[in-house]
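*Asks:* Input file: model-v2.cif. Contents: mmCIF, C-alpha atoms and all ligand atoms.
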```cif
data_entry
loop_
_atom_site.label_atom_id
_atom_site.label_comp_id
_atom_site.auth_asym_id
_atom_site.auth_seq_id
_atom_site.Cartn_x
_atom_site.Cartn_y
_atom_site.Cartn_z
CA MET F 1 -55.70 -44.36 -25.07
CA SER F 2 -55.95 -41.51 -22.58
CA SER F 3 -57.39 -38.24 -23.81
CA PHE F 4 -54.38 -36.55 -22.23
CA VAL F 5 -51.09 -36.40 -24.10
CA ILE F 6 -49.17 -34.93 -21.17
CA GLU F 7 -50.03 -35.17 -17.49
CA ALA F 8 -47.99 -33.21 -14.97
CA SER F 9 -48.56 -33.38 -11.26
CA GLY F 10 -46.99 -31.73 -8.26
CA LEU F 11 -44.28 -29.91 -10.22
CA SER F 12 -41.92 -27.71 -8.31
CA LYS F 13 -38.64 -26.18 -9.44
CA SER F 14 -36.41 -23.72 -7.63
CA PHE F 15 -33.39 -21.77 -8.77
CA GLY F 16 -31.64 -20.84 -5.53
CA GLN F 17 -34.18 -18.87 -3.52
CA THR F 18 -36.52 -18.45 -6.48
CA HIS F 19 -39.45 -20.84 -6.59
CA ALA F 20 -40.08 -20.80 -10.32
CA LEU F 21 -42.69 -23.56 -9.99
CA ALA F 22 -44.47 -24.03 -6.68
CA GLY F 23 -46.82 -26.98 -7.15
CA VAL F 24 -48.29 -27.25 -10.64
CA ASP F 25 -50.77 -29.86 -11.83
CA LEU F 26 -51.63 -29.68 -15.51
CA GLN F 27 -53.12 -32.07 -18.02
CA VAL F 28 -52.68 -31.35 -21.71
CA ARG F 29 -55.47 -32.81 -23.82
CA THR F 30 -54.71 -34.58 -27.07
CA GLY F 31 -55.29 -32.22 -30.00
CA GLU F 32 -55.89 -29.07 -27.98
CA SER F 33 -54.15 -25.72 -28.27
CA LEU F 34 -53.26 -24.69 -24.75
CA ALA F 35 -52.00 -21.21 -23.96
CA ILE F 36 -49.98 -20.58 -20.79
CA MET F 37 -50.26 -16.91 -19.78
CA GLY F 38 -48.85 -14.86 -16.94
CA ALA F 39 -46.59 -11.95 -16.13
CA SER F 40 -42.88 -12.09 -16.80
CA GLY F 41 -41.22 -14.25 -14.16
CA SER F 42 -44.39 -16.18 -13.28
CA GLY F 43 -42.82 -19.50 -14.30
CA LYS F 44 -44.23 -20.04 -17.80
CA THR F 45 -40.97 -20.99 -19.48
CA THR F 46 -39.94 -23.22 -16.59
CA LEU F 47 -43.29 -25.02 -16.82
CA LEU F 48 -42.95 -25.43 -20.59
CA HIS F 49 -39.44 -26.82 -20.16
CA CYS F 50 -40.63 -29.30 -17.53
CA LEU F 51 -43.57 -30.41 -19.69
CA ALA F 52 -41.25 -30.88 -22.68
CA GLY F 53 -38.61 -32.85 -20.79
CA ILE F 54 -35.97 -30.15 -21.18
CA THR F 55 -35.77 -29.45 -17.44
CA ARG F 56 -36.23 -32.03 -14.72
CA PRO F 57 -38.47 -30.68 -11.94
CA ASP F 58 -37.30 -30.87 -8.30
CA THR F 59 -40.50 -32.70 -7.37
CA GLY F 60 -43.46 -34.05 -9.27
CA THR F 61 -43.91 -36.11 -12.39
CA VAL F 62 -44.57 -35.57 -16.08
CA ALA F 63 -46.04 -38.39 -18.15
CA PHE F 64 -46.26 -38.53 -21.94
CA GLN F 65 -48.92 -40.69 -23.55
CA SER F 66 -48.60 -41.88 -27.13
CA GLY F 67 -49.80 -44.76 -29.26
CA ALA F 68 -46.78 -46.65 -27.94
CA GLY F 69 -47.89 -46.29 -24.33
CA ARG F 70 -47.28 -44.09 -21.35
CA VAL F 71 -43.82 -42.82 -20.50
CA ASP F 72 -42.78 -41.28 -17.18
CA VAL F 73 -40.65 -38.49 -18.63
CA THR F 74 -39.27 -37.51 -15.23
CA ALA F 75 -37.81 -41.01 -14.79
CA LEU F 76 -35.92 -40.97 -18.09
CA SER F 77 -32.20 -40.36 -18.40
CA GLU F 78 -30.97 -37.18 -20.09
CA ARG F 79 -30.20 -39.22 -23.19
CA GLU F 80 -33.67 -40.77 -23.31
CA ARG F 81 -35.33 -37.39 -22.81
CA SER F 82 -33.24 -35.98 -25.63
CA ARG F 83 -34.47 -38.75 -27.90
CA LEU F 84 -38.09 -38.18 -26.86
CA ARG F 85 -37.76 -34.47 -27.61
CA ARG F 86 -36.24 -35.19 -31.03
CA GLU F 87 -38.80 -37.80 -32.03
CA ALA F 88 -42.08 -36.79 -30.42
CA TYR F 89 -41.86 -33.05 -29.86
CA GLY F 90 -41.36 -29.93 -31.92
CA PHE F 91 -40.17 -26.57 -30.62
CA VAL F 92 -40.70 -22.98 -31.67
CA PHE F 93 -39.01 -20.24 -29.65
CA GLN F 94 -39.20 -16.48 -29.81
CA GLN F 95 -36.04 -16.18 -31.88
CA GLY F 96 -36.63 -19.39 -33.76
CA LEU F 97 -33.16 -20.72 -32.93
CA LEU F 98 -32.56 -21.21 -36.61
CA ILE F 99 -29.04 -21.59 -37.93
CA PRO F 100 -28.30 -18.34 -39.78
CA GLU F 101 -25.60 -19.83 -41.99
CA LEU F 102 -28.04 -22.37 -43.42
CA THR F 103 -30.83 -21.76 -45.89
CA ALA F 104 -34.49 -22.11 -44.98
CA VAL F 105 -34.73 -25.60 -46.45
CA GLU F 106 -31.46 -26.70 -44.84
CA ASN F 107 -32.73 -25.58 -41.43
CA VAL F 108 -35.87 -27.66 -41.86
CA ALA F 109 -34.08 -30.65 -43.37
CA LEU F 110 -31.59 -30.71 -40.51
CA ALA F 111 -34.30 -31.81 -38.08
CA LEU F 112 -35.06 -34.78 -40.32
CA MET F 113 -31.41 -35.64 -40.89
CA LEU F 114 -30.88 -35.73 -37.12
CA ASN F 115 -33.54 -38.44 -37.09
CA GLY F 116 -31.71 -40.40 -39.78
CA MET F 117 -33.33 -39.29 -43.03
CA PRO F 118 -30.95 -38.96 -46.01
CA ARG F 119 -30.22 -35.39 -47.07
CA LEU F 120 -31.94 -35.28 -50.46
CA ARG F 121 -35.14 -36.76 -49.13
CA ALA F 122 -35.03 -34.49 -46.11
CA GLU F 123 -34.69 -31.43 -48.33
CA GLU F 124 -37.49 -32.55 -50.62
CA TYR F 125 -39.72 -33.07 -47.62
CA GLY F 126 -38.62 -29.74 -46.16
CA ARG F 127 -39.54 -27.92 -49.38
CA GLY F 128 -43.03 -29.38 -49.17
CA TRP F 129 -43.45 -28.07 -45.63
CA LEU F 130 -42.10 -24.63 -46.48
CA ALA F 131 -44.54 -24.39 -49.39
CA ALA F 132 -47.39 -25.40 -47.10
CA LEU F 133 -46.41 -22.51 -44.84
CA GLY F 134 -46.43 -20.01 -47.70
CA LEU F 135 -42.66 -19.91 -48.22
CA ALA F 136 -42.44 -21.35 -51.74
CA GLY F 137 -39.64 -19.59 -53.59
CA MET F 138 -37.76 -18.72 -50.41
CA GLU F 139 -36.35 -22.18 -49.69
CA ASP F 140 -32.81 -21.27 -50.68
CA ARG F 141 -32.56 -17.98 -48.79
CA ARG F 142 -30.46 -17.81 -45.67
CA ILE F 143 -32.37 -16.95 -42.51
CA GLY F 144 -30.95 -13.42 -42.46
CA GLN F 145 -32.56 -12.80 -45.85
CA LEU F 146 -36.03 -13.47 -44.48
CA SER F 147 -38.36 -11.19 -42.52
CA GLY F 148 -39.09 -11.98 -38.87
CA GLY F 149 -42.45 -13.52 -39.75
CA GLN F 150 -40.95 -15.63 -42.54
CA ALA F 151 -38.19 -16.85 -40.25
CA GLN F 152 -40.79 -17.87 -37.65
CA ARG F 153 -42.64 -19.85 -40.33
CA VAL F 154 -39.37 -21.67 -41.10
CA ALA F 155 -39.12 -22.47 -37.38
CA ILE F 156 -42.72 -23.72 -37.44
CA ALA F 157 -41.94 -25.91 -40.47
CA ARG F 158 -38.91 -27.30 -38.67
CA ALA F 159 -41.00 -28.11 -35.61
CA GLN F 160 -43.50 -30.10 -37.71
CA VAL F 161 -41.42 -32.10 -40.15
CA THR F 162 -40.50 -34.96 -37.88
CA GLY F 163 -44.18 -35.69 -37.27
CA ALA F 164 -44.01 -34.37 -33.72
CA SER F 165 -47.20 -35.11 -31.82
CA VAL F 166 -46.76 -32.13 -29.48
CA VAL F 167 -45.37 -28.73 -30.43
CA PHE F 168 -44.12 -26.43 -27.67
CA ALA F 169 -43.85 -22.74 -28.47
CA ASP F 170 -42.39 -20.11 -26.12
CA GLU F 171 -43.45 -16.56 -27.03
CA PRO F 172 -43.41 -17.48 -30.75
CA THR F 173 -44.75 -14.07 -31.74
CA GLY F 174 -42.91 -12.08 -29.08
CA ALA F 175 -40.66 -10.30 -31.57
CA LEU F 176 -43.31 -9.64 -34.25
CA ASP F 177 -45.71 -6.80 -35.01
CA SER F 178 -49.39 -7.55 -34.51
CA THR F 179 -50.26 -8.27 -38.16
CA THR F 180 -47.32 -10.64 -38.62
CA SER F 181 -48.07 -12.13 -35.23
CA ALA F 182 -51.60 -13.02 -36.33
CA GLU F 183 -50.26 -14.64 -39.52
CA VAL F 184 -47.65 -16.64 -37.65
CA MET F 185 -50.21 -17.78 -35.08
CA ARG F 186 -52.54 -18.92 -37.87
CA ALA F 187 -49.66 -20.87 -39.47
CA LEU F 188 -48.80 -22.39 -36.12
CA LEU F 189 -52.38 -23.52 -35.44
CA ASP F 190 -52.89 -24.81 -39.02
CA SER F 191 -49.77 -26.93 -38.83
CA THR F 192 -50.42 -28.28 -35.32
CA THR F 193 -54.04 -28.72 -34.22
CA GLY F 194 -55.03 -28.45 -37.91
CA GLN F 195 -53.04 -31.68 -38.44
CA GLY F 196 -54.22 -33.44 -35.31
CA ARG F 197 -51.20 -32.43 -33.23
CA THR F 198 -51.22 -30.75 -29.84
CA LEU F 199 -49.93 -27.23 -29.25
CA VAL F 200 -48.69 -25.80 -25.95
CA VAL F 201 -47.87 -22.12 -26.32
CA VAL F 202 -46.46 -19.70 -23.75
CA THR F 203 -47.48 -16.13 -24.45
CA HIS F 204 -48.35 -12.89 -22.77
CA ASP F 205 -50.23 -11.72 -25.86
CA ALA F 206 -53.99 -11.94 -25.26
CA ASP F 207 -54.67 -12.10 -29.03
CA VAL F 208 -52.40 -15.13 -29.39
CA ALA F 209 -53.95 -16.84 -26.36
CA GLY F 210 -57.41 -15.95 -27.62
CA ARG F 211 -56.87 -18.13 -30.70
CA CYS F 212 -56.22 -21.19 -28.52
CA SER F 213 -58.81 -23.64 -27.24
CA ARG F 214 -57.85 -23.21 -23.58
CA ILE F 215 -55.87 -20.78 -21.43
CA VAL F 216 -54.22 -21.34 -18.06
CA ASP F 217 -53.03 -18.34 -16.07
CA MET F 218 -49.89 -18.48 -13.94
CA ARG F 219 -48.78 -16.34 -11.04
CA ASP F 220 -45.77 -16.89 -8.77
CA GLY F 221 -45.12 -20.41 -10.02
CA ARG F 222 -48.71 -21.57 -9.69
CA ILE F 223 -51.67 -22.00 -11.99
CA VAL F 224 -54.25 -19.57 -10.66
CA GLY F 225 -56.98 -19.92 -13.26
CA GLU F 226 -58.22 -21.63 -16.36
CA ARG F 227 -60.38 -20.18 -19.13
CA VAL F 228 -61.85 -20.92 -22.51
CA PRO F 229 -61.25 -17.91 -24.78
CA GLY F 230 -64.33 -15.86 -25.35
CA VAL F 231 -65.93 -17.18 -22.18
CA SER F 232 -65.41 -15.16 -19.01
CA ALA F 233 -64.11 -17.05 -15.99
N1 LIG Y 1 -31.90 -20.95 -15.11
C1 LIG Y 1 -32.34 -20.10 -14.17
N2 LIG Y 1 -31.53 -19.68 -13.19
C2 LIG Y 1 -31.98 -18.85 -12.22
N3 LIG Y 1 -33.23 -18.38 -12.15
C3 LIG Y 1 -34.09 -18.76 -13.10
C4 LIG Y 1 -33.69 -19.63 -14.16
N4 LIG Y 1 -34.77 -19.84 -14.97
C5 LIG Y 1 -35.78 -19.13 -14.43
N5 LIG Y 1 -35.38 -18.47 -13.32
C6 LIG Y 1 -36.23 -17.63 -12.47
O1 LIG Y 1 -37.43 -18.34 -12.22
C7 LIG Y 1 -38.55 -17.46 -12.31
C8 LIG Y 1 -39.49 -17.93 -13.41
O2 LIG Y 1 -38.84 -17.80 -14.65
P1 LIG Y 1 -39.50 -18.19 -16.03
O3 LIG Y 1 -40.03 -19.58 -15.96
O4 LIG Y 1 -38.51 -17.90 -17.09
O5 LIG Y 1 -40.73 -17.15 -16.10
P2 LIG Y 1 -41.54 -16.58 -17.35
O6 LIG Y 1 -41.27 -17.46 -18.52
O7 LIG Y 1 -42.96 -16.60 -16.91
O8 LIG Y 1 -41.06 -15.18 -17.55
C9 LIG Y 1 -37.98 -16.07 -12.56
O9 LIG Y 1 -37.86 -15.41 -11.32
C10 LIG Y 1 -36.63 -16.35 -13.18
O10 LIG Y 1 -35.73 -15.31 -12.94
MG MG Y 2 -40.46 -17.04 -20.40
#
```
Would you write the structure of this file as structure tokens?

*Replies:*
Amino acid sequence: MSSFVIEASGLSKSFGQTHALAGVDLQVRTGESLAIMGASGSGKTTLLHCLAGITRPDTGTVAFQSGAGRVDVTALSERERSRLRREAYGFVFQQGLLIPELTAVENVALALMLNGMPRLRAEEYGRGWLAALGLAGMEDRRIGQLSGGQAQRVAIARAQVTGASVVFADEPTGALDSTTSAEVMRALLDSTTGQGRTLVVVTHDADVAGRCSRIVDMRDGRIVGERVPGVSA
């Protein structure tokens, strides 16, 4: 098995006159925590979406390697990519994208039910994950009754439950104060690389990136540098 879980080469993506990605090659190593940094508008989210099979690039390829073999994600249909995202990937976004009308445990269980698990089992499993993320006792609160940091931990739980091998996070701490941000980042790392999964996180917070095992820097749709935190380039 390759030591890369995702290999992207020659990615470009334009929106009208805007070249959001202008030739990106990136290999994501199995089990690493990779931070993608760069100024607003540098193409981080577009890259994350291409890596995760949400957006199809104009040119280039993205391959996903798992125990079941190597898949050319860019050659899959929309339906097949949707299935890959549901089964192999987890997502954490800045605002969590949780369903406010549902409780914490229902939000987590929903991800499992979409993959065919019966409701009671899904909720039992979801409670276990919420407890592991320090949310025991809050399972039955609606999302609006949780703090920002607690809600992000629900989103992290939801991203893990299906056994995702890669978790993609886009500015997961962007709406949090620095103390809460550090706690959420610790929870995110514990439940991803701490469990043998891979984490790809977009951030412009140097503290968040500094907790990762590798950082790539983007500018104008290109990767312009690569660093290991704590080691100057
Ligand atoms: N769906 C879209 N439609 C039009 N322009 C877009 C779209 N998505 C991104 N862009 C543009 O592409 C560039 C890169 O965006 P993005 O990947 O979101 O950057 P970042 O996440 O680094 O802020 C920006 O100029 C942005 O305005
Ligand atoms: Mg972005």

*Asks:* Under the rule of at most 10 Å, produce a per-residue listing of chain F near ligand LIG 1 (chain Y): chain, number, name, the closest pair of atoms, and the distance in Å, as CSV, using all atoms listed in the file.

*Replies:*
```
residue,atom,partner,partner_atom,distance
F:Lys13,CA,Y:LIG1,O1,8.4
F:Ser14,CA,Y:LIG1,O1,7.1
F:Phe15,CA,Y:LIG1,C2,4.7
F:Gly16,CA,Y:LIG1,C2,7.0
F:Gln17,CA,Y:LIG1,N3,8.7
F:Thr18,CA,Y:LIG1,O1,5.8
F:His19,CA,Y:LIG1,O1,6.5
F:Ala20,CA,Y:LIG1,O1,4.1
F:Leu21,CA,Y:LIG1,C8,7.3
F:Ile36,CA,Y:LIG1,O7,9.0
F:Met37,CA,Y:LIG1,O7,7.9
F:Gly38,CA,Y:LIG1,O7,6.1
F:Ala39,CA,Y:LIG1,O7,6.0
F:Ser40,CA,Y:LIG1,O8,3.7
F:Gly41,CA,Y:LIG1,O8,3.5
F:Ser42,CA,Y:LIG1,O7,3.9
F:Gly43,CA,Y:LIG1,O3,3.2
F:Lys44,CA,Y:LIG1,O7,3.8
F:Thr45,CA,Y:LIG1,O6,3.7
F:Thr46,CA,Y:LIG1,O3,3.7
F:Leu47,CA,Y:LIG1,O3,6.4
F:Leu48,CA,Y:LIG1,O3,8.0
F:His49,CA,Y:LIG1,O3,8.4
F:Cys50,CA,Y:LIG1,O3,9.9
F:Thr55,CA,Y:LIG1,N1,9.6
F:Asp170,CA,Y:LIG1,O6,8.1
F:Glu171,CA,Y:LIG1,O6,8.8
F:Val202,CA,Y:LIG1,O6,7.7
F:Thr203,CA,Y:LIG1,O6,8.7
F:His204,CA,Y:LIG1,O7,8.8
F:Met218,CA,Y:LIG1,O7,7.8
F:Arg219,CA,Y:LIG1,O7,8.3
F:Asp220,CA,Y:LIG1,C8,7.9
F:Gly221,CA,Y:LIG1,C8,7.0
```

*Asks:* I need the residue nearest Gly163 (chain F) from this list: F:Glu87, F:Asp25, F:Glu32, F:Glu183. Use all atoms listed in the file for the distance.

*Replies:*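 Under the stated criterion, the closest residue is F:Glu87.
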
*Asks:* Tell me which of F:Gln94, F:Ser3, F:Ser12, F:Ser82 sits closest to ligand MG 2 (chain Y), counting only C-alpha atoms and all ligand atoms.

*Replies:*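 With only C-alpha atoms and all ligand atoms as the atom set, the closest residue is F:Gln94.
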
*Asks:* Quick one: residues within 12 Å of Gly174 (chain F), all atoms listed in the file counted, chain neighbours fewer than 6 positions away excluded, as a PyMOL selection string?

*Replies:* chain F and resi 92-96+148-149+152+180-182+184-185+201-208

*Asks:* Keeping C-alpha atoms, export the residues of the selection given above as a PDB file, in the frame of the given file.

*Replies:*
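Generated output (again_18.pdb):
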```pdb
ATOM      1  CA  VAL F  92     -40.700 -22.980 -31.670  1.00  0.00           C
ATOM      2  CA  PHE F  93     -39.010 -20.240 -29.650  1.00  0.00           C
ATOM      3  CA  GLN F  94     -39.200 -16.480 -29.810  1.00  0.00           C
ATOM      4  CA  GLN F  95     -36.040 -16.180 -31.880  1.00  0.00           C
ATOM      5  CA  GLY F  96     -36.630 -19.390 -33.760  1.00  0.00           C
ATOM      6  CA  GLY F 148     -39.090 -11.980 -38.870  1.00  0.00           C
ATOM      7  CA  GLY F 149     -42.450 -13.520 -39.750  1.00  0.00           C
ATOM      8  CA  GLN F 152     -40.790 -17.870 -37.650  1.00  0.00           C
ATOM      9  CA  THR F 180     -47.320 -10.640 -38.620  1.00  0.00           C
ATOM     10  CA  SER F 181     -48.070 -12.130 -35.230  1.00  0.00           C
ATOM     11  CA  ALA F 182     -51.600 -13.020 -36.330  1.00  0.00           C
ATOM     12  CA  VAL F 184     -47.650 -16.640 -37.650  1.00  0.00           C
ATOM     13  CA  MET F 185     -50.210 -17.780 -35.080  1.00  0.00           C
ATOM     14  CA  VAL F 201     -47.870 -22.120 -26.320  1.00  0.00           C
ATOM     15  CA  VAL F 202     -46.460 -19.700 -23.750  1.00  0.00           C
ATOM     16  CA  THR F 203     -47.480 -16.130 -24.450  1.00  0.00           C
ATOM     17  CA  HIS F 204     -48.350 -12.890 -22.770  1.00  0.00           C
ATOM     18  CA  ASP F 205     -50.230 -11.720 -25.860  1.00  0.00           C
ATOM     19  CA  ALA F 206     -53.990 -11.940 -25.260  1.00  0.00           C
ATOM     20  CA  ASP F 207     -54.670 -12.100 -29.030  1.00  0.00           C
ATOM     21  CA  VAL F 208     -52.400 -15.130 -29.390  1.00  0.00           C
TER      22      VAL F 208
END
```

*Asks:* I'd like the interatomic distance between CA of Asn107 (chain F) and CA of Ala35 (chain F), to a tenth of an Å.

*Replies:*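 Those two atoms sit 26.4 Å apart.
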
*Asks:* In Å to one decimal, how far is CA of Ala52 (chain F) from CA of Gly23 (chain F)?

*Replies:*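 Computed distance, CA of Gly23 (chain F) to CA of Ala52 (chain F), equals 17.0 Å.
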
*Asks:* Could you jot down the CA of Val161 (chain F) to CA of Arg211 (chain F) separation for me, Å, one decimal place?

*Replies:* 22.9 Å

*Asks:* Env of region 116-120 of chain F: 12 Å cut, atoms = all atoms listed in the file, seq-sep filter 5 positions within chain, self excluded. Answer as a ChimeraX atom specification.

*Replies:* /F:86-87,105-111,125-127,161-162

*Asks:* When you look at Phe64 (chain F) with a cut-off of 6 Å (counting all atoms listed in the file), what residues show up, excluding the ones that are within fewer than 3 positions of it in the same chain? I need them as a list in words.

*Replies:*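 Returned residues: Val5, Ile6, Arg70 and Val71 of chain F.
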
*Asks:* Which residue out of F:Ser77, F:Thr192, F:Gln150, F:Thr198 has the minimum interatomic distance to Leu130 (chain F) when only C-alpha atoms are used?

*Replies:*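 Closest to Leu130 (chain F) of all the choices is F:Gln150.
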
*Asks:* Give me the residues near Ala131 (chain F) as number ranges by chain, where near means some atom within 12 Å (using only C-alpha atoms) and where sequence neighbours in that chain fewer than 2 positions away do not count.

*Replies:* F: 104-105, 108, 124-129, 133-139, 150, 153-154, 157, 187

*Asks:* List as a PyMOL selection string the protein and nucleic acid residues near Leu76 (chain F), meaning an atom at most 12 Å away when all atoms listed in the file are counted, but skip any in the same chain fewer than 4 places from it.

*Replies:* chain F and resi 53-56+61-64+71-72+80-85

*Asks:* I need the chosen residues saved as an mmCIF file, in the coordinates of the input, with C-alpha atoms.

*Replies:*
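Written file, part.cif:
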```cif
data_model
loop_
_atom_site.group_PDB
_atom_site.id
_atom_site.type_symbol
_atom_site.label_atom_id
_atom_site.label_comp_id
_atom_site.auth_asym_id
_atom_site.auth_seq_id
_atom_site.Cartn_x
_atom_site.Cartn_y
_atom_site.Cartn_z
ATOM 1 C CA GLY F 53 -38.610 -32.850 -20.790
ATOM 2 C CA ILE F 54 -35.970 -30.150 -21.180
ATOM 3 C CA THR F 55 -35.770 -29.450 -17.440
ATOM 4 C CA ARG F 56 -36.230 -32.030 -14.720
ATOM 5 C CA THR F 61 -43.910 -36.110 -12.390
ATOM 6 C CA VAL F 62 -44.570 -35.570 -16.080
ATOM 7 C CA ALA F 63 -46.040 -38.390 -18.150
ATOM 8 C CA PHE F 64 -46.260 -38.530 -21.940
ATOM 9 C CA VAL F 71 -43.820 -42.820 -20.500
ATOM 10 C CA ASP F 72 -42.780 -41.280 -17.180
ATOM 11 C CA GLU F 80 -33.670 -40.770 -23.310
ATOM 12 C CA ARG F 81 -35.330 -37.390 -22.810
ATOM 13 C CA SER F 82 -33.240 -35.980 -25.630
ATOM 14 C CA ARG F 83 -34.470 -38.750 -27.900
ATOM 15 C CA LEU F 84 -38.090 -38.180 -26.860
ATOM 16 C CA ARG F 85 -37.760 -34.470 -27.610
#
```

*Asks:* Edge lengths and centre in Å to one decimal, as lines of an AutoDock Vina configuration file, is what I'm after for the box along x, y and z that holds all listed atoms of region 139-152 of chain F once 6 Å is added on each side.

*Replies:*
```
center_x = -36.5
center_y = -16.7
center_z = -44.2
size_x = 24.0
size_y = 23.0
size_z = 25.0
```

*Asks:* Give the answer as one residue: which of F:Ala68, F:Leu11, F:Asp140, F:Pro172 has the shortest atom-to-atom distance to ligand MG 2 (chain Y), using all atoms listed in the file?

*Replies:*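 Of all the options, F:Pro172 lies closest to ligand MG 2 (chain Y).
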
*Asks:* Of the candidates F:Leu146, F:Leu112, F:Leu34, F:Leu97, which one gets nearest to Ala164 (chain F) if we count all atoms listed in the file?

*Replies:* F:Leu112

*Asks:* Could you check which of F:Ala88, F:Thr103, F:Ser191, F:Arg214 is closest to Gln145 (chain F), using only C-alpha atoms?

*Replies:*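 When distances to Gln145 (chain F) are compared using only C-alpha atoms, the smallest one comes from F:Thr103.
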
*Asks:* Generate all heavy atoms for region 33-39 of chain F and emit them as a CSV table (one decimal), keeping the file's coordinate frame.

*Replies:*
```
chain,number,residue,atom,x,y,z
F,33,SER,N,-55.2,-26.8,-28.3
F,33,SER,CA,-54.2,-25.7,-28.3
F,33,SER,C,-54.3,-25.0,-26.9
F,33,SER,O,-55.3,-24.4,-26.6
F,33,SER,CB,-54.4,-24.7,-29.4
F,33,SER,OG,-55.7,-24.3,-29.5
F,34,LEU,N,-53.2,-25.2,-26.1
F,34,LEU,CA,-53.3,-24.7,-24.8
F,34,LEU,C,-52.3,-23.5,-24.6
F,34,LEU,O,-51.1,-23.6,-24.9
F,34,LEU,CB,-52.8,-25.8,-23.8
F,34,LEU,CG,-52.6,-25.4,-22.3
F,34,LEU,CD1,-54.0,-25.0,-21.7
F,34,LEU,CD2,-52.0,-26.5,-21.5
F,35,ALA,N,-52.8,-22.4,-24.2
F,35,ALA,CA,-52.0,-21.2,-24.0
F,35,ALA,C,-51.7,-21.1,-22.5
F,35,ALA,O,-52.6,-21.3,-21.6
F,35,ALA,CB,-52.7,-20.0,-24.4
F,36,ILE,N,-50.4,-20.8,-22.2
F,36,ILE,CA,-50.0,-20.6,-20.8
F,36,ILE,C,-49.7,-19.1,-20.7
F,36,ILE,O,-48.8,-18.6,-21.4
F,36,ILE,CB,-48.8,-21.4,-20.4
F,36,ILE,CG1,-49.1,-22.9,-20.5
F,36,ILE,CG2,-48.3,-21.1,-19.0
F,36,ILE,CD1,-47.9,-23.8,-20.4
F,37,MET,N,-50.4,-18.4,-19.9
F,37,MET,CA,-50.3,-16.9,-19.8
F,37,MET,C,-49.8,-16.5,-18.4
F,37,MET,O,-49.9,-17.3,-17.4
F,37,MET,CB,-51.6,-16.2,-20.0
F,37,MET,CG,-52.1,-16.3,-21.5
F,37,MET,SD,-53.3,-15.0,-21.8
F,37,MET,CE,-52.3,-13.6,-22.1
F,38,GLY,N,-49.3,-15.3,-18.2
F,38,GLY,CA,-48.8,-14.9,-16.9
F,38,GLY,C,-47.8,-13.8,-17.1
F,38,GLY,O,-47.2,-13.7,-18.2
F,39,ALA,N,-47.6,-13.0,-16.1
F,39,ALA,CA,-46.6,-12.0,-16.1
F,39,ALA,C,-45.2,-12.5,-16.3
F,39,ALA,O,-45.0,-13.7,-16.0
F,39,ALA,CB,-46.7,-11.1,-14.8
```
